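As provided, structure-v9.txt (compact mmCIF, C-alpha atoms) reads as follows.
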```
# COMPACT_ATOMS: atom_id res chain seq x y z
CA MET V 591 106.23 82.40 107.72
CA PRO V 592 106.78 85.47 105.48
CA VAL V 593 109.97 84.03 103.96
CA LEU V 594 108.79 81.42 101.46
CA ASP V 595 109.95 77.87 102.12
CA ILE V 596 110.24 76.41 98.62
CA THR V 597 110.22 72.88 100.07
CA ASP V 598 106.70 73.43 101.43
CA GLU V 599 104.41 72.51 98.51
CA GLN V 600 101.32 74.04 100.11
CA ALA V 601 103.11 77.32 100.83
CA VAL V 602 104.54 77.43 97.31
CA ALA V 603 101.13 76.82 95.73
CA ARG V 604 99.59 79.57 97.90
CA TYR V 605 102.32 82.04 97.00
CA GLN V 606 102.12 81.23 93.31
CA ALA V 607 98.34 81.59 93.33
CA PHE V 608 98.63 85.07 94.83
CA VAL V 609 101.18 86.25 92.26
CA ARG V 610 99.27 84.80 89.32
CA ASN V 611 95.90 86.17 90.38
CA SER V 612 97.04 89.63 91.45
CA LYS V 613 96.41 92.53 89.07
CA TYR V 614 99.93 93.62 89.99
CA GLY V 615 101.38 90.27 88.91
CA GLN V 616 104.30 90.11 86.48
CA VAL V 617 105.72 87.06 84.76
CA THR V 618 109.17 88.04 86.01
CA GLN V 619 107.80 87.75 89.56
CA ASP V 620 106.42 84.27 88.95
CA LEU V 621 108.24 81.38 90.59
CA GLY V 622 108.79 79.96 87.12
CA TRP V 623 111.04 82.89 86.23
CA GLY V 624 113.68 81.43 88.52
CA GLU V 625 113.63 78.32 86.33
CA VAL V 626 114.28 80.48 83.27
CA LYS V 627 117.12 82.39 84.97
CA ASN V 628 118.55 79.18 86.37
CA ASN V 629 122.04 80.59 86.98
CA TRP V 630 120.61 83.02 89.56
CA LEU V 631 119.73 82.16 93.17
CA PRO V 632 115.98 82.52 93.94
CA ARG V 633 114.56 83.97 97.16
CA HIS V 634 110.96 84.95 97.96
CA ALA V 635 109.14 86.86 100.69
CA TYR V 636 105.62 88.08 101.41
CA VAL V 637 103.36 89.93 103.86
CA GLU V 638 100.03 88.73 105.21
CA ASN V 639 97.07 90.67 106.60
CA GLU V 640 95.35 89.93 109.91
CA GLN V 641 93.25 87.24 108.24
CA GLY V 642 96.38 85.40 107.12
CA GLU V 643 95.96 86.34 103.44
CA ILE V 644 98.97 87.28 101.35
CA ILE V 645 98.73 90.96 100.38
CA ALA V 646 102.23 91.62 99.03
CA ALA V 647 105.01 89.46 97.59
CA ILE V 648 108.46 89.79 96.13
CA SER V 649 110.54 87.27 94.17
CA MET V 650 114.24 88.03 94.04
CA LEU V 651 117.05 86.53 91.99
CA LEU V 652 120.62 86.87 93.21
CA THR V 653 123.90 86.81 91.29
CA ASN V 654 127.54 87.26 92.21
CA THR V 655 129.43 90.51 91.59
CA PRO V 656 133.15 91.36 91.32
CA SER V 657 133.00 92.62 94.91
CA GLY V 658 132.35 89.11 96.19
CA LYS V 659 128.93 90.19 97.38
CA LYS V 660 125.66 89.35 95.70
CA PHE V 661 123.20 91.56 93.81
CA ALA V 662 119.51 90.84 94.52
CA TYR V 663 117.06 91.83 91.81
CA ALA V 664 113.26 91.67 91.83
CA SER V 665 112.44 92.30 88.17
CA LYS V 666 109.28 94.40 87.77
CA GLY V 667 108.41 93.66 91.39
CA PRO V 668 107.08 93.71 93.94
CA VAL V 669 103.55 92.34 93.56
CA MET V 670 101.51 94.87 95.53
CA ASP V 671 99.90 98.30 95.44
CA LEU V 672 102.88 100.66 95.51
CA ASN V 673 100.68 103.50 96.75
CA ASP V 674 101.02 101.93 100.23
CA LEU V 675 104.61 102.68 101.15
CA ASP V 676 104.15 101.43 104.71
CA LEU V 677 103.26 98.04 103.25
CA LEU V 678 106.30 98.26 100.99
CA ASP V 679 108.46 98.88 104.05
CA GLN V 680 107.02 95.75 105.68
CA LEU V 681 107.70 93.69 102.57
CA VAL V 682 111.26 94.96 102.25
CA ALA V 683 111.86 94.01 105.89
CA GLU V 684 110.79 90.45 105.05
CA ALA V 685 112.87 90.50 101.86
CA LYS V 686 115.94 91.41 103.89
CA LYS V 687 115.31 88.36 106.08
CA ALA V 688 115.04 86.16 103.00
CA ILE V 689 118.49 87.23 101.75
CA ALA V 690 120.12 87.77 105.14
CA GLU V 691 122.52 84.85 104.73
CA ASP V 692 123.36 85.59 101.09
CA ASP V 693 125.70 88.53 101.70
CA ALA V 694 123.99 90.87 99.23
CA TYR V 695 125.12 94.46 98.91
CA LEU V 696 121.91 95.62 97.20
CA LEU V 697 118.26 94.75 96.68
CA ARG V 698 116.83 96.41 93.56
CA PHE V 699 113.31 96.40 92.17
CA ASP V 700 111.72 98.30 89.30
CA PRO V 701 107.91 98.20 89.37
CA GLU V 702 105.75 99.33 86.49
CA PHE V 703 104.52 102.32 88.46
CA ALA V 704 104.16 105.76 86.93
CA TYR V 705 106.87 108.30 87.62
CA SER V 706 105.96 111.44 89.51
CA ASP V 707 108.07 113.87 91.49
CA GLU V 708 105.80 113.30 94.48
CA PHE V 709 106.20 109.51 94.46
CA ASN V 710 109.92 109.78 93.85
CA SER V 711 110.29 112.08 96.86
CA ALA V 712 108.09 109.83 99.00
CA LEU V 713 110.28 106.83 98.22
CA GLN V 714 113.40 108.77 99.15
CA ALA V 715 111.74 109.89 102.39
CA HIS V 716 111.27 106.20 103.23
CA GLY V 717 114.99 105.62 102.78
CA TYR V 718 115.07 104.23 99.24
CA VAL V 719 117.54 105.32 96.57
CA THR V 720 115.86 105.97 93.22
CA ARG V 721 117.36 105.81 89.74
CA ASN V 722 115.16 107.40 87.07
CA ARG V 723 115.43 110.87 85.59
CA ASN V 724 118.71 111.38 87.45
CA VAL V 725 120.35 108.76 85.19
CA ALA V 726 118.34 109.38 82.01
CA ASP V 727 121.27 111.04 80.25
CA ALA V 728 122.86 107.60 79.96
CA GLY V 729 120.04 106.52 77.64
CA MET V 730 117.71 103.55 77.40
CA HIS V 731 120.12 101.17 79.12
CA ALA V 732 120.87 103.37 82.11
CA THR V 733 118.48 101.10 84.00
CA ILE V 734 118.01 97.34 83.66
CA GLN V 735 114.48 97.74 82.32
CA PRO V 736 113.60 100.62 79.97
CA ARG V 737 111.74 103.41 81.74
CA LEU V 738 109.82 104.61 78.68
CA ASN V 739 107.40 101.92 77.52
CA MET V 740 104.94 101.81 74.65
CA VAL V 741 101.71 100.46 76.10
CA LEU V 742 98.35 100.12 74.37
CA ASP V 743 95.44 100.78 76.75
CA LEU V 744 92.69 98.45 75.55
CA ALA V 745 90.36 99.69 78.28
CA GLU V 746 89.99 102.92 76.28
CA LYS V 747 88.13 101.01 73.56
CA PRO V 748 86.20 98.26 75.36
CA GLU V 749 83.91 97.84 72.34
CA ALA V 750 86.78 96.58 70.14
CA LYS V 751 86.30 92.97 69.07
CA GLU V 752 89.36 92.72 66.85
CA THR V 753 92.65 94.53 66.45
CA PHE V 754 91.48 96.47 63.40
CA ASP V 755 88.70 98.08 65.48
CA LEU V 756 91.36 100.01 67.38
CA TYR V 757 92.70 101.98 64.43
CA PRO V 758 91.70 104.57 61.83
CA SER V 759 91.32 103.50 58.23
CA LYS V 760 94.88 104.42 57.14
CA THR V 761 96.51 102.33 59.86
CA LYS V 762 93.96 99.57 59.41
CA SER V 763 94.86 99.33 55.71
CA LYS V 764 98.55 99.06 56.59
CA LEU V 765 97.89 96.28 59.08
CA LYS V 766 95.80 94.36 56.57
CA ARG V 767 98.53 94.53 53.92
CA PRO V 768 100.28 91.32 55.01
CA ILE V 769 96.94 89.50 54.94
CA ARG V 770 96.39 90.68 51.37
CA ASP V 771 99.89 89.42 50.54
CA GLY V 772 99.06 85.97 51.86
CA VAL V 773 100.84 86.11 55.21
CA GLU V 774 99.31 83.81 57.81
CA VAL V 775 99.96 83.85 61.54
CA ARG V 776 99.62 80.98 63.98
CA TRP V 777 100.80 80.38 67.51
CA ALA V 778 102.28 77.47 69.42
CA SER V 779 104.54 76.92 72.42
CA ASP V 780 106.19 73.61 71.65
CA GLN V 781 109.77 72.81 70.66
CA ALA V 782 109.06 73.38 66.97
CA ALA V 783 107.82 76.89 67.79
CA ILE V 784 110.95 77.63 69.81
CA ASP V 785 113.08 76.35 66.91
CA ALA V 786 111.26 78.65 64.48
CA PHE V 787 111.58 81.62 66.81
CA PHE V 788 115.27 81.06 67.44
CA GLU V 789 116.01 80.79 63.74
CA THR V 790 114.61 84.29 63.15
CA TYR V 791 115.86 85.77 66.43
CA ALA V 792 119.47 84.57 66.19
CA GLY V 793 119.65 85.42 62.50
CA MET V 794 118.42 88.95 63.14
CA ALA V 795 120.94 89.42 65.97
CA GLN V 796 123.78 88.26 63.78
CA ARG V 797 122.78 90.63 60.96
CA HIS V 798 122.84 93.55 63.39
CA GLY V 799 126.04 92.42 65.09
CA ILE V 800 124.49 92.17 68.55
CA SER V 801 124.61 89.43 71.16
CA HIS V 802 121.64 87.15 71.79
CA ARG V 803 120.49 84.60 74.32
CA PRO V 804 121.06 80.89 73.70
CA LYS V 805 118.22 78.65 72.55
CA GLU V 806 118.22 76.88 75.92
CA TYR V 807 117.01 80.09 77.56
CA PHE V 808 113.83 80.06 75.47
CA GLU V 809 113.41 76.33 75.91
CA ARG V 810 113.34 76.89 79.66
CA MET V 811 110.73 79.61 79.12
CA ALA V 812 108.53 77.21 77.20
CA LYS V 813 108.97 74.53 79.86
CA ALA V 814 108.05 76.94 82.66
CA PHE V 815 105.20 78.81 80.96
CA GLY V 816 104.28 77.40 77.58
CA GLU V 817 102.57 74.13 78.37
CA ASP V 818 99.04 75.16 77.35
CA GLY V 819 99.57 78.56 75.74
CA GLU V 820 97.71 80.36 78.50
CA ILE V 821 100.74 82.32 79.67
CA MET V 822 103.36 82.06 76.91
CA ARG V 823 102.93 81.87 73.16
CA VAL V 824 105.21 82.00 70.14
CA TYR V 825 103.50 83.71 67.21
CA ILE V 826 104.75 82.61 63.80
CA ALA V 827 104.14 84.47 60.52
CA GLU V 828 104.52 82.48 57.30
CA LYS V 829 103.74 82.82 53.61
CA GLU V 830 103.08 79.63 51.70
CA GLY V 831 104.86 77.72 54.46
CA LYS V 832 107.95 79.94 54.42
CA LEU V 833 108.96 81.31 57.81
CA LEU V 834 109.08 85.12 57.87
CA SER V 835 108.76 86.53 61.38
CA THR V 836 108.10 85.48 64.98
CA GLY V 837 107.35 86.96 68.38
CA ILE V 838 107.15 85.72 71.97
CA GLY V 839 104.45 87.10 74.24
CA PHE V 840 103.26 86.54 77.80
CA LYS V 841 99.78 87.01 79.23
CA TYR V 842 100.13 87.77 82.91
CA GLY V 843 98.36 90.06 85.35
CA ASN V 844 96.41 92.69 83.44
CA LYS V 845 98.41 92.63 80.22
CA VAL V 846 99.93 90.80 77.30
CA TRP V 847 103.62 91.61 77.06
CA TYR V 848 105.49 91.31 73.75
CA MET V 849 108.96 90.34 74.94
CA TYR V 850 111.06 88.94 72.09
CA ALA V 851 110.92 88.96 68.29
CA GLY V 852 112.81 87.86 65.24
CA SER V 853 112.48 88.22 61.47
CA PHE V 854 114.36 87.54 58.30
CA ASP V 855 115.83 90.21 56.06
CA GLY V 856 114.53 91.19 52.65
CA ASN V 857 110.91 91.12 51.50
CA ILE V 858 108.94 89.73 54.41
CA TYR V 859 105.58 91.24 53.43
CA TYR V 860 105.12 93.31 56.60
CA ALA V 861 105.12 90.03 58.56
CA PRO V 862 106.25 91.69 61.85
CA TYR V 863 103.09 93.82 61.66
CA ALA V 864 101.01 90.67 61.22
CA VAL V 865 102.61 89.17 64.34
CA GLN V 866 101.72 92.28 66.35
CA THR V 867 98.16 92.30 65.02
CA ALA V 868 97.73 88.70 66.16
CA MET V 869 99.26 89.35 69.57
CA ILE V 870 96.99 92.32 70.18
CA GLN V 871 94.06 90.11 69.23
CA TRP V 872 95.19 87.68 71.94
CA ALA V 873 95.05 90.53 74.44
CA ILE V 874 91.57 91.56 73.28
CA ASP V 875 90.27 87.99 73.39
CA SER V 876 91.75 87.51 76.87
CA GLY V 877 90.04 90.60 78.28
CA VAL V 878 93.23 92.12 79.67
CA GLU V 879 93.55 95.89 79.91
CA LEU V 880 96.97 96.42 78.35
CA TYR V 881 99.19 95.37 75.47
CA ASP V 882 102.82 96.15 76.27
CA MET V 883 105.31 96.49 73.41
CA GLY V 884 108.20 97.25 75.72
CA GLY V 885 110.68 100.06 75.84
CA ILE V 886 112.06 102.76 73.58
CA GLU V 887 115.02 105.10 73.75
CA ALA V 888 112.98 108.24 73.12
CA VAL V 889 110.10 109.67 71.14
CA ASP V 890 112.08 110.11 67.94
CA GLU V 891 110.77 109.74 64.40
CA HIS V 892 114.31 108.83 63.29
CA ASP V 893 114.36 105.80 65.60
CA GLY V 894 113.10 102.72 63.75
CA LEU V 895 112.08 101.00 66.99
CA TYR V 896 109.89 103.91 68.02
CA VAL V 897 108.39 104.26 64.53
CA PHE V 898 107.44 100.57 64.45
CA LYS V 899 105.83 100.63 67.91
CA HIS V 900 104.16 103.97 67.25
CA THR V 901 102.23 102.33 64.40
CA PHE V 902 100.30 100.41 67.03
CA ILE V 903 100.45 102.79 69.98
CA LYS V 904 99.64 106.44 69.34
CA ALA V 905 99.69 107.50 72.98
CA ASP V 906 102.79 108.91 74.63
CA PRO V 907 105.07 106.30 76.21
CA ARG V 908 104.52 105.50 79.84
CA GLU V 909 107.31 106.71 82.08
CA TYR V 910 107.92 104.37 85.00
CA ILE V 911 109.46 105.20 88.35
CA GLY V 912 112.63 103.32 87.43
CA GLU V 913 114.87 101.47 89.85
CA ILE V 914 114.32 101.50 93.60
CA ASP V 915 117.41 100.49 95.54
CA VAL V 916 117.63 99.10 99.06
CA VAL V 917 121.30 99.62 99.87
CA LEU V 918 122.70 96.93 102.16
CA ASP V 919 126.42 97.77 101.89
CA GLU V 920 127.03 101.45 101.21
CA ALA V 921 130.73 101.11 100.37
CA VAL V 922 130.16 98.40 97.73
CA TYR V 923 127.15 100.26 96.40
CA GLN V 924 129.21 103.40 95.88
CA GLU V 925 131.85 101.37 94.11
CA LEU V 926 129.58 99.36 91.79
CA VAL V 927 126.63 101.67 91.18
CA LYS V 928 127.59 105.26 91.76
```
Target format structure tokens, applied to this file:
Amino acid sequence: MPVLDITDEQAVARYQAFVRNSKYGQVTQDLGWGEVKNNWLPRHAYVENEQGEIIAAISMLLTNTPSGKKFAYASKGPVMDLNDLDLLDQLVAEAKKAIAEDDAYLLRFDPEFAYSDEFNSALQAHGYVTRNRNVADAGMHATIQPRLNMVLDLAEKPEAKETFDLYPSKTKSKLKRPIRDGVEVRWASDQAAIDAFFETYAGMAQRHGISHRPKEYFERMAKAFGEDGEIMRVYIAEKEGKLLSTGIGFKYGNKVWYMYAGSFDGNIYYAPYAVQTAMIQWAIDSGVELYDMGGIEAVDEHDGLYVFKHTFIKADPREYIGEIDVVLDEAVYQELVK
């Protein structure tokens, strides 16, 4: 049946195989993501074609809200070709069945699909509420996921065998600087790697006075995805055995996604650049099309985040469609969202 029964091992394996093998797959749509976000309630739905093959899927996580009703969120979902809005309508109908007894006021999803006025209008014509340019004045965090993302299109240079092949001599020299300084990068996904990452990540957060996730969150990530390093890796930059910088990346669908990072203060010999160079090499070696460095606030040379990511990605950021809302309780939606 189109609502996934998580007690049916065969159905679960079939669903998971579809999500992991789809070019539209996202790690946040994997069943393992529910193990990472273990304080959310997981629900899953799908659509089959006439031959009984899954052609669209959505994994939702639900949490409580002050209204007493739940919020259902399908991060970077659904797993399907969004050009087919009739198929999307079918999938949403199944998703509603999957959360029918959960008393949710809203189902939200935010696919990595390019923004256009035409697509935005088409979604609205199908009854969806969209949150994109109409909330952009509130900045990068107006939506759960950033809408402007720095993405390296590796398909534009299929002849590249290593990261340095992607860049002109000036950038190449900058990226080789940490190597000249003796910085070495390795990867792992075991407990020691999580410990090293968290040391840099938590320390960086404390220096900047910002909140951070607990170590257990990343330990659950490693348990769900890091067993063999095929999906999740922790990249670790060191000099003469001294820990300098780290980064967590995921290979899923058609991309490698750089999700989290940490580094120490002071002279770290451009170690964060060395981590990125190694992660991009992973993407090249894996044959994926994209390397995703995540979001930015804006194209602004005064923004350190943009400047760092722009070193690796010279193209304009990709603007995604943003959040697509399926409103289930209009009064609560107006209260909590509008």
Q | Contacts of stretch 783-799 of chain V within 8 Å, only C-alpha atoms, excl. fewer than 6 positions in-chain, as a ChimeraX atom specification | A | /V:777,805,808-809,812,824,826,833-838,851-855
Spatial neighbours of V:Lys747, 12 Å, all atoms listed in the file, chain gap at least 2 places, as an mmCIF file with C-alpha atoms, keeping the file's coordinate frame:
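The result, stored in around_19.cif:
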```
data_model
loop_
_atom_site.group_PDB
_atom_site.id
_atom_site.type_symbol
_atom_site.label_atom_id
_atom_site.label_comp_id
_atom_site.auth_asym_id
_atom_site.auth_seq_id
_atom_site.Cartn_x
_atom_site.Cartn_y
_atom_site.Cartn_z
ATOM 1 C CA LEU V 742 98.350 100.120 74.370
ATOM 2 C CA ASP V 743 95.440 100.780 76.750
ATOM 3 C CA LEU V 744 92.690 98.450 75.550
ATOM 4 C CA ALA V 745 90.360 99.690 78.280
ATOM 5 C CA GLU V 749 83.910 97.840 72.340
ATOM 6 C CA ALA V 750 86.780 96.580 70.140
ATOM 7 C CA LYS V 751 86.300 92.970 69.070
ATOM 8 C CA GLU V 752 89.360 92.720 66.850
ATOM 9 C CA THR V 753 92.650 94.530 66.450
ATOM 10 C CA PHE V 754 91.480 96.470 63.400
ATOM 11 C CA ASP V 755 88.700 98.080 65.480
ATOM 12 C CA LEU V 756 91.360 100.010 67.380
ATOM 13 C CA TYR V 757 92.700 101.980 64.430
ATOM 14 C CA ILE V 874 91.570 91.560 73.280
ATOM 15 C CA GLY V 877 90.040 90.600 78.280
ATOM 16 C CA VAL V 878 93.230 92.120 79.670
ATOM 17 C CA GLU V 879 93.550 95.890 79.910
ATOM 18 C CA LEU V 880 96.970 96.420 78.350
#
```
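If you count all atoms listed in the file and ignore residues fewer than 2 places along the chain from V:Asp707, what sits within 12 Å of it is Ala704, Tyr705, Phe709, Asn710, Ser711, Ala712, Leu713, Gln714, Thr720, Asn722, Arg723, Asn724, Glu909, Tyr910 and Ile911 of chain V.
The neighbours of stretch 817-820 of chain V here are the residues that come within 8 Å of it, using only C-alpha atoms and leaving out any residue fewer than 2 positions away in the same chain; they are Ala778, Ser779, Asp780, Ala812, Lys813, Ala814, Phe815, Met822, Arg823 and Lys841 of chain V.
When only C-alpha atoms are used to measure the gap to V:Asp595, the shortest distance among V:Lys660, V:Arg610, V:Arg908, V:His634 belongs to V:His634.
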At a cut-off of 8 Å, can you tabulate as JSON lines every residue of stretch 715-779 of chain V near stretch 886-905 of chain V together with its closest atom pair and the distance in Å to one decimal, using only C-alpha atoms and ordering rows by chain then number?
```
{"residue": "V:Gly729", "atom": "CA", "partner": "V:Glu887", "partner_atom": "CA", "distance": 6.5}
{"residue": "V:Met730", "atom": "CA", "partner": "V:Glu887", "partner_atom": "CA", "distance": 4.8}
{"residue": "V:Pro736", "atom": "CA", "partner": "V:Ile886", "partner_atom": "CA", "distance": 6.9}
{"residue": "V:Leu738", "atom": "CA", "partner": "V:Ile886", "partner_atom": "CA", "distance": 5.9}
{"residue": "V:Asn739", "atom": "CA", "partner": "V:Ile886", "partner_atom": "CA", "distance": 6.2}
{"residue": "V:Met740", "atom": "CA", "partner": "V:Ile903", "partner_atom": "CA", "distance": 6.6}
{"residue": "V:Val741", "atom": "CA", "partner": "V:Ile903", "partner_atom": "CA", "distance": 6.7}
{"residue": "V:Leu742", "atom": "CA", "partner": "V:Ile903", "partner_atom": "CA", "distance": 5.6}
{"residue": "V:Thr761", "atom": "CA", "partner": "V:Thr901", "partner_atom": "CA", "distance": 7.3}
```
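For stretch 627-631 of chain V, the non-local neighbours within 6 Å, defined as residues at least 4 positions apart in the same chain or in other chains and counting all atoms listed in the file, are V:Leu651, V:Leu652, V:Thr653.
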Q) For V:Asn844, which of V:Gly615, V:Pro758, V:Pro592, V:Gly622 is the closest residue, counting all atoms listed in the file? A) V:Gly615
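As for atom CA of V:Asn639 and atom CA of V:Leu681, they are spaced 11.8 Å apart.
Between atom CA of V:Val593 and atom CA of V:Leu675 there is a distance of 19.6 Å.
If you look at atom CA of V:Thr733 and atom CA of V:Glu684, they are 24.8 Å away from each other.
Residue nearest V:Ala647, chosen from V:Asp692, V:Glu625, V:Asp671, V:Glu774 and counting only C-alpha atoms: V:Asp671.
Ranking V:Ile769, V:Val669, V:Ala683, V:Met811 by their shortest atom-to-atom distance to V:Val626, with all atoms listed in the file included, puts V:Met811 first.
Checking V:Glu913, V:Asp906, V:Asp620, V:Glu599 one by one against V:Phe840, counting all atoms listed in the file, you find the shortest gap at V:Asp620.
With only C-alpha atoms as the atoms that count, the residue of V:Tyr842, V:Tyr718, V:Tyr825, V:Tyr605 with the shortest distance to V:Ala635 is V:Tyr605.
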Report, as lines of an AutoDock Vina configuration file, the axis-aligned box around all atoms of stretch 630-639 of chain V present in the file, extended by 8 Å on each side; give centre and edge lengths in Å to one decimal place.
```
center_x = 108.8
center_y = 86.4
center_z = 98.1
size_x = 39.5
size_y = 24.5
size_z = 33.0
```
